[in-house]
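Comments concern the structure below.
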2 protein chains.
Amino acid sequence: MDAEFPHSLALPHLAKLHAYTPGLQPTEAGWTKLNTNECAYAPSPRVAAALLGEIGEEGDSLRRYPNPSSNPLRAALAAHHQLQPANVCVGNGSDDILNLLMRCFCAPGPGTGFTFPSYSLYPVLVGIQDGAAAVIEFDRSMQLPLDKISNSSARIFFLTSPNAPTGVAFANSEIAQILSRFSGILVVDEAYAPFAKENAISLLANHPRLVVVRTFSKAYALAGIRVGYALGHPDLIGLLDRVRDSYNVNRLSQVAALAALEDQGYYSDLIQRICRTRDHYQNLWRESGWFTYQSEANFIFTEPCNARGESGPVVAKSAYEYLSRHRVLVRYFPSHALTASFLRISVGTDDEMTVLQNTLEAWLKHA
Amino acid sequence: MDAEFPHSLALPHLAKLHAYTPGLQPTEAGWTKLNTNECAYAPSPRVAAALLGEIGEEGDSLRRYPNPSSNPLRAALAAHHQLQPANVCVGNGSDDILNLLMRCFCAPGPGTGFTFPSYSLYPVLVGIQDGAAAVIEFDRSMQLPLDKISNSSARIFFLTSPNAPTGVAFANSEIAQILSRFSGILVVDEAYAPFAKENAISLLANHPRLVVVRTFSKAYALAGIRVGYALGHPDLIGLLDRVRDSYNVNRLSQVAALAALEDQGYYSDLIQRICRTRDHYQNLWRESGWFTYQSEANFIFTEPCNARGESGPVVAKSAYEYLSRHRVLVRYFPSHALTASFLRISVGTDDEMTVLQNTLEAWLKHA
């Protein structure tokens, strides 16, 4: 295979694409992994039980295609959110849903908006569509730039709430204000909403241009099975269904998500525990003088200070590298002034957070 | 949610899309299901064992994201096909791979080719890209239209071999001829190649514009887990990797596919058994005067004759409907003269084929 590949055959805009960079997934043991906002605790035991039931002795059911529309899961999600099945589209992770939304509403050229910072997948997906992103920047307050979003001429706007990587949540009153003035589709990407005080689902009833996107990767502790979903107007859901792969969610993932959804008691305890841990460390770091956004997610965005009380990109980088050298993985976004002084730290178990805190204290002695 | 959805916001070409129609997947028991070319036999017992190992007692690993590039599976596939990992991209079913190829090479307007009949997903995927398909029709001989494909100005051409729904396979000598003259990307969609005498993988070494697409849905008896893959030039694989979802294949599917791949002995026996059943019924129907293409797949495309020796769309429809009424599902494609006189029948177990044959004989007495 030494012959040259004729790049001129590929669509020209692909040449300028930058692929999404997922967080590191070390395969060896011994890491304290607080870098990809996975859930600190195992999923409901009903998930493993349901999977074993589906697999059976011989895995015979696996030779059959899955339900093409994930109908049992769709119906259960609709009931859970007090909506109709026609309001729900299930995807191979919420990334699949975001991708489908782009394919329905993001044309080449301008017309697709999102904030900076927010989920760094959006610009990648816009690039695949040969779109040009209209990016609205937060300032350091991380207050929602209501006027700028409302006045945007975008055909579709992606708002992450609670936001990543800051953890800051936006109120329904603000989202409703945007919806009353902005004329495009507003996607509220609620990957972290189960950890927040409020969510936008109640706004769906009166706002046909609102789409809410959810995932099983965070609060349901099922990042490994790739299930996400969109909630929205039946006509919008119909568009997503026309564009998605006909068997986009495999048999085991449908079964696992359904079992998780049916164990709300388990997850309600788990979410409370994560929020308690989050609030404890958020307060601890604030008390030690670290500027820390009010998180309503399962991670904390904090601006570390060294022993001399200095913060900034050099300090954040030093903390990040010290943690990495000591096998504690957090996420660091050095490429922008709004993020370069911060670390994004997923909320772990008590033991993991103790390892983190001890390592940070050791860093403080060296920094 | 009674407010109207503003359809004008969606990309205009979506309005004319026709979604892919998957074969019926009845949920109740009692059907003899020979309509979607699933494998008649269970997957390797190693698959269930590997899945149970991954799930463990509590399903704890499921809270972690999967390997974003399916690297262990990629490496195993490369070794299996005597290629390098850089020659392999793993997808959420081969439909995901076909979709990625469209996103890399199918621009709005003309430029994407395939034959008719072939996999009916291609025109759907072209439509999502706002492309215009250049369709090259077979004639009833189902001989490959070598000159027409070779002279096509398509940027990318999809060739299903063995073809669906006919089961007819194309020789490497013919594919090599096309590659020497056609200037675009040639995708050989080999979903059914494990049931065929020959496959195109050996041609990859000298043809950077060739892509071979495979699936675990048919010969590996794993349609339920959605794993497919592309084999091709590293630069082409690099393009697919830039466009695919970063966690496109979930944790359990990666584990299942890897376990299946490692049990070639099991699958070699299984494929032989399916081919024996196929050849038996193919011969039986030919002997009873039904025109039947030479199948190198796990299904048979046959033109039924009624008791008076008549064939044609009316006869095929009558057989299809009689079978359906008696809970035997096969596939019928009434919309084109090349297919409307035929039934596509997946090769089942001996028992399933006996039910089919008895039902066909009962139909003959009524037809």
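Each chain in the structure tokens gets a letter, A, B, ..., in the order shown, and its residues are numbered from 1; ligands are numbered from 1 in order too.
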Notebook entry, point to check: Using only C-alpha atoms, which residues sit within 12 Å of B:Met102 once same-chain residues fewer than 2 positions away are excluded, as an NGL selection string?
Noted result: (:A and (9-11 or 128-129)) or (:B and (95-100 or 104-108 or 111-113 or 121-133 or 155-158 or 185 or 187 or 239-240 or 243-244))
Checklist line | At most 6 Å to chain B: residues in chain A, only C-alpha atoms, as number ranges by chain | finding: A: 1, 5, 10-11, 19, 42, 45, 48, 58-60, 62-66, 104-105, 205-206, 208, 221-226, 242, 250-251
Checklist line | d(atom CA of A:Phe170, atom CA of A:Gln294) in Å | finding: 11.3 Å
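You will find atom CA of A:Pro85 at 14.5 Å from atom CA of A:Val211.
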Checklist line | Neighbour list for B:Ser311 as a PyMOL selection string, cut-off 9 Å, only C-alpha atoms, skip fewer than 4 positions in-chain | finding: chain B and resi 290+303-306+315-316+341-342
I need the residues from that last selection saved to file as an mmCIF file, in the first residue's frame (with N, CA and C atoms), if you can.
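What ended up in result-v1.cif:
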```
data_model
loop_
_atom_site.group_PDB
_atom_site.id
_atom_site.type_symbol
_atom_site.label_atom_id
_atom_site.label_comp_id
_atom_site.auth_asym_id
_atom_site.auth_seq_id
_atom_site.Cartn_x
_atom_site.Cartn_y
_atom_site.Cartn_z
ATOM 1 N N TRP B 290 -37.631 -22.692 -10.715
ATOM 2 C CA TRP B 290 -37.575 -21.291 -10.314
ATOM 3 C C TRP B 290 -36.222 -20.710 -10.719
ATOM 4 N N GLU B 303 -36.986 -16.517 -8.106
ATOM 5 C CA GLU B 303 -38.184 -16.049 -8.818
ATOM 6 C C GLU B 303 -39.214 -17.179 -8.768
ATOM 7 N N PRO B 304 -40.146 -17.090 -7.844
ATOM 8 C CA PRO B 304 -41.054 -18.219 -7.668
ATOM 9 C C PRO B 304 -41.994 -18.396 -8.863
ATOM 10 N N CYS B 305 -42.320 -19.648 -9.153
ATOM 11 C CA CYS B 305 -43.337 -19.976 -10.156
ATOM 12 C C CYS B 305 -44.535 -20.583 -9.439
ATOM 13 N N ASN B 306 -45.706 -20.228 -9.892
ATOM 14 C CA ASN B 306 -46.899 -20.837 -9.293
ATOM 15 C C ASN B 306 -47.145 -22.225 -9.895
ATOM 16 N N VAL B 315 -47.090 -13.134 -9.149
ATOM 17 C CA VAL B 315 -46.789 -14.418 -8.505
ATOM 18 C C VAL B 315 -45.903 -14.202 -7.273
ATOM 19 N N ALA B 316 -44.876 -13.381 -7.414
ATOM 20 C CA ALA B 316 -43.966 -13.127 -6.285
ATOM 21 C C ALA B 316 -44.731 -12.487 -5.126
ATOM 22 N N SER B 341 -40.198 -9.615 -9.429
ATOM 23 C CA SER B 341 -40.647 -11.003 -9.610
ATOM 24 C C SER B 341 -39.963 -11.957 -8.641
ATOM 25 N N PHE B 342 -39.162 -11.403 -7.746
ATOM 26 C CA PHE B 342 -38.293 -12.233 -6.904
ATOM 27 C C PHE B 342 -38.640 -12.101 -5.420
#
```
Item checked: All helix (DSSP H, G or I) positions in stretch 155-202 of chain A, as a list in words -> Asn172, Ser173, Glu174, Ile175, Ala176, Gln177, Ile178, Leu179, Ser180, Arg181, Ala193, Pro194, Phe195, Ala200, Ile201 and Ser202 of chain A
Report as a PDB file with C-alpha atoms, in the first residue's frame: the residues of stretch 127-358 of chain A with a DSSP assignment of strand (DSSP E), based on the backbone of this structure.
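Dumped to selection17.pdb:
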```pdb
ATOM      1  CA  GLY A 131     -20.049  25.533   8.249  1.00  0.00           C
ATOM      2  CA  ALA A 132     -18.596  28.710   9.740  1.00  0.00           C
ATOM      3  CA  ALA A 133     -19.266  29.027  13.445  1.00  0.00           C
ATOM      4  CA  ALA A 134     -20.631  32.224  14.988  1.00  0.00           C
ATOM      5  CA  VAL A 135     -18.942  32.079  18.381  1.00  0.00           C
ATOM      6  CA  ILE A 136     -20.195  34.248  21.234  1.00  0.00           C
ATOM      7  CA  GLU A 137     -17.654  34.611  23.996  1.00  0.00           C
ATOM      8  CA  ILE A 156     -29.209  26.947  15.179  1.00  0.00           C
ATOM      9  CA  PHE A 157     -27.510  27.817  18.460  1.00  0.00           C
ATOM     10  CA  PHE A 158     -25.977  25.348  20.917  1.00  0.00           C
ATOM     11  CA  LEU A 159     -26.069  26.331  24.586  1.00  0.00           C
ATOM     12  CA  THR A 160     -24.476  24.001  27.132  1.00  0.00           C
ATOM     13  CA  ILE A 185     -33.378  26.518  16.835  1.00  0.00           C
ATOM     14  CA  LEU A 186     -32.014  26.649  20.385  1.00  0.00           C
ATOM     15  CA  VAL A 187     -30.322  23.455  21.513  1.00  0.00           C
ATOM     16  CA  VAL A 188     -29.880  23.294  25.267  1.00  0.00           C
ATOM     17  CA  ASP A 189     -27.249  20.627  25.775  1.00  0.00           C
ATOM     18  CA  LEU A 210     -36.210  24.379  21.690  1.00  0.00           C
ATOM     19  CA  VAL A 211     -34.356  21.052  21.722  1.00  0.00           C
ATOM     20  CA  VAL A 212     -33.044  19.553  24.942  1.00  0.00           C
ATOM     21  CA  VAL A 213     -30.191  17.049  24.657  1.00  0.00           C
ATOM     22  CA  ARG A 214     -29.444  14.526  27.392  1.00  0.00           C
ATOM     23  CA  THR A 215     -26.990  11.688  27.947  1.00  0.00           C
ATOM     24  CA  GLY A 228     -28.002  10.032  24.512  1.00  0.00           C
ATOM     25  CA  TYR A 229     -31.285  11.539  23.410  1.00  0.00           C
ATOM     26  CA  ALA A 230     -33.033  14.616  22.119  1.00  0.00           C
ATOM     27  CA  LEU A 231     -36.337  15.968  23.416  1.00  0.00           C
ATOM     28  CA  PHE A 291     -11.488  31.451  42.434  1.00  0.00           C
ATOM     29  CA  THR A 292     -14.040  28.733  41.638  1.00  0.00           C
ATOM     30  CA  PHE A 299     -17.024  18.706  37.921  1.00  0.00           C
ATOM     31  CA  ILE A 300     -15.444  21.865  39.300  1.00  0.00           C
ATOM     32  CA  PHE A 301     -13.679  24.594  37.336  1.00  0.00           C
ATOM     33  CA  THR A 302     -11.172  26.177  39.688  1.00  0.00           C
ATOM     34  CA  GLU A 303      -8.283  28.610  39.357  1.00  0.00           C
ATOM     35  CA  VAL A 328      -3.862  12.248  38.895  1.00  0.00           C
ATOM     36  CA  LEU A 329      -5.580  13.160  35.618  1.00  0.00           C
ATOM     37  CA  LEU A 343      -8.344  23.218  35.921  1.00  0.00           C
ATOM     38  CA  ARG A 344     -11.492  21.226  35.261  1.00  0.00           C
ATOM     39  CA  ILE A 345     -11.728  18.508  37.872  1.00  0.00           C
ATOM     40  CA  SER A 346     -14.348  15.747  37.719  1.00  0.00           C
TER      41      SER A 346
END
```
Margin query: Can you tell me which residues surround A:Ala362 at a distance of at most 12 Å, considering only C-alpha atoms, apart from same-chain residues fewer than 6 positions away, and format the answer as a PyMOL selection string?
Written below: chain A and resi 306-307+319+322-323+326+355-356
Dump N, CA and C atoms for the selected residues as a PDB file, in the first residue's frame?
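Produced file out-v1.pdb, reproduced below:
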```
ATOM      1  N   ASN A 306      -0.803  29.294  43.714  1.00  0.00           N
ATOM      2  CA  ASN A 306       0.367  28.637  44.295  1.00  0.00           C
ATOM      3  C   ASN A 306       0.605  29.146  45.724  1.00  0.00           C
ATOM      4  N   ALA A 307       1.699  28.710  46.335  1.00  0.00           N
ATOM      5  CA  ALA A 307       1.954  29.037  47.745  1.00  0.00           C
ATOM      6  C   ALA A 307       2.112  30.541  47.967  1.00  0.00           C
ATOM      7  N   ALA A 319       0.281  23.131  38.151  1.00  0.00           N
ATOM      8  CA  ALA A 319      -0.554  22.209  38.933  1.00  0.00           C
ATOM      9  C   ALA A 319      -0.958  21.002  38.083  1.00  0.00           C
ATOM     10  N   TYR A 322       2.039  18.741  37.602  1.00  0.00           N
ATOM     11  CA  TYR A 322       2.388  18.053  38.845  1.00  0.00           C
ATOM     12  C   TYR A 322       1.407  16.899  39.104  1.00  0.00           C
ATOM     13  N   LEU A 323       0.122  17.190  38.922  1.00  0.00           N
ATOM     14  CA  LEU A 323      -0.899  16.147  39.109  1.00  0.00           C
ATOM     15  C   LEU A 323      -0.669  14.979  38.144  1.00  0.00           C
ATOM     16  N   HIS A 326       2.033  12.718  39.034  1.00  0.00           N
ATOM     17  CA  HIS A 326       1.665  11.869  40.172  1.00  0.00           C
ATOM     18  C   HIS A 326       0.396  11.070  39.886  1.00  0.00           C
ATOM     19  N   VAL A 355      -6.966  11.647  47.377  1.00  0.00           N
ATOM     20  CA  VAL A 355      -5.713  11.552  46.604  1.00  0.00           C
ATOM     21  C   VAL A 355      -5.446  12.878  45.889  1.00  0.00           C
ATOM     22  N   LEU A 356      -6.466  13.397  45.246  1.00  0.00           N
ATOM     23  CA  LEU A 356      -6.324  14.675  44.541  1.00  0.00           C
ATOM     24  C   LEU A 356      -5.875  15.778  45.492  1.00  0.00           C
TER      25      LEU A 356
END
```
Note to self: Taking 2 positions as the minimum chain separation for residues in the same chain, which residues sit within 7 Å of stretch 263-276 of chain B when counting only C-alpha atoms? Answer as a PyMOL selection string.
What the structure shows: chain B and resi 44+195+219-220+259-261+278-280+298+347
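Going from atom CA of A:Asp351 over to atom CA of A:Tyr192, you cover 22.5 Å.
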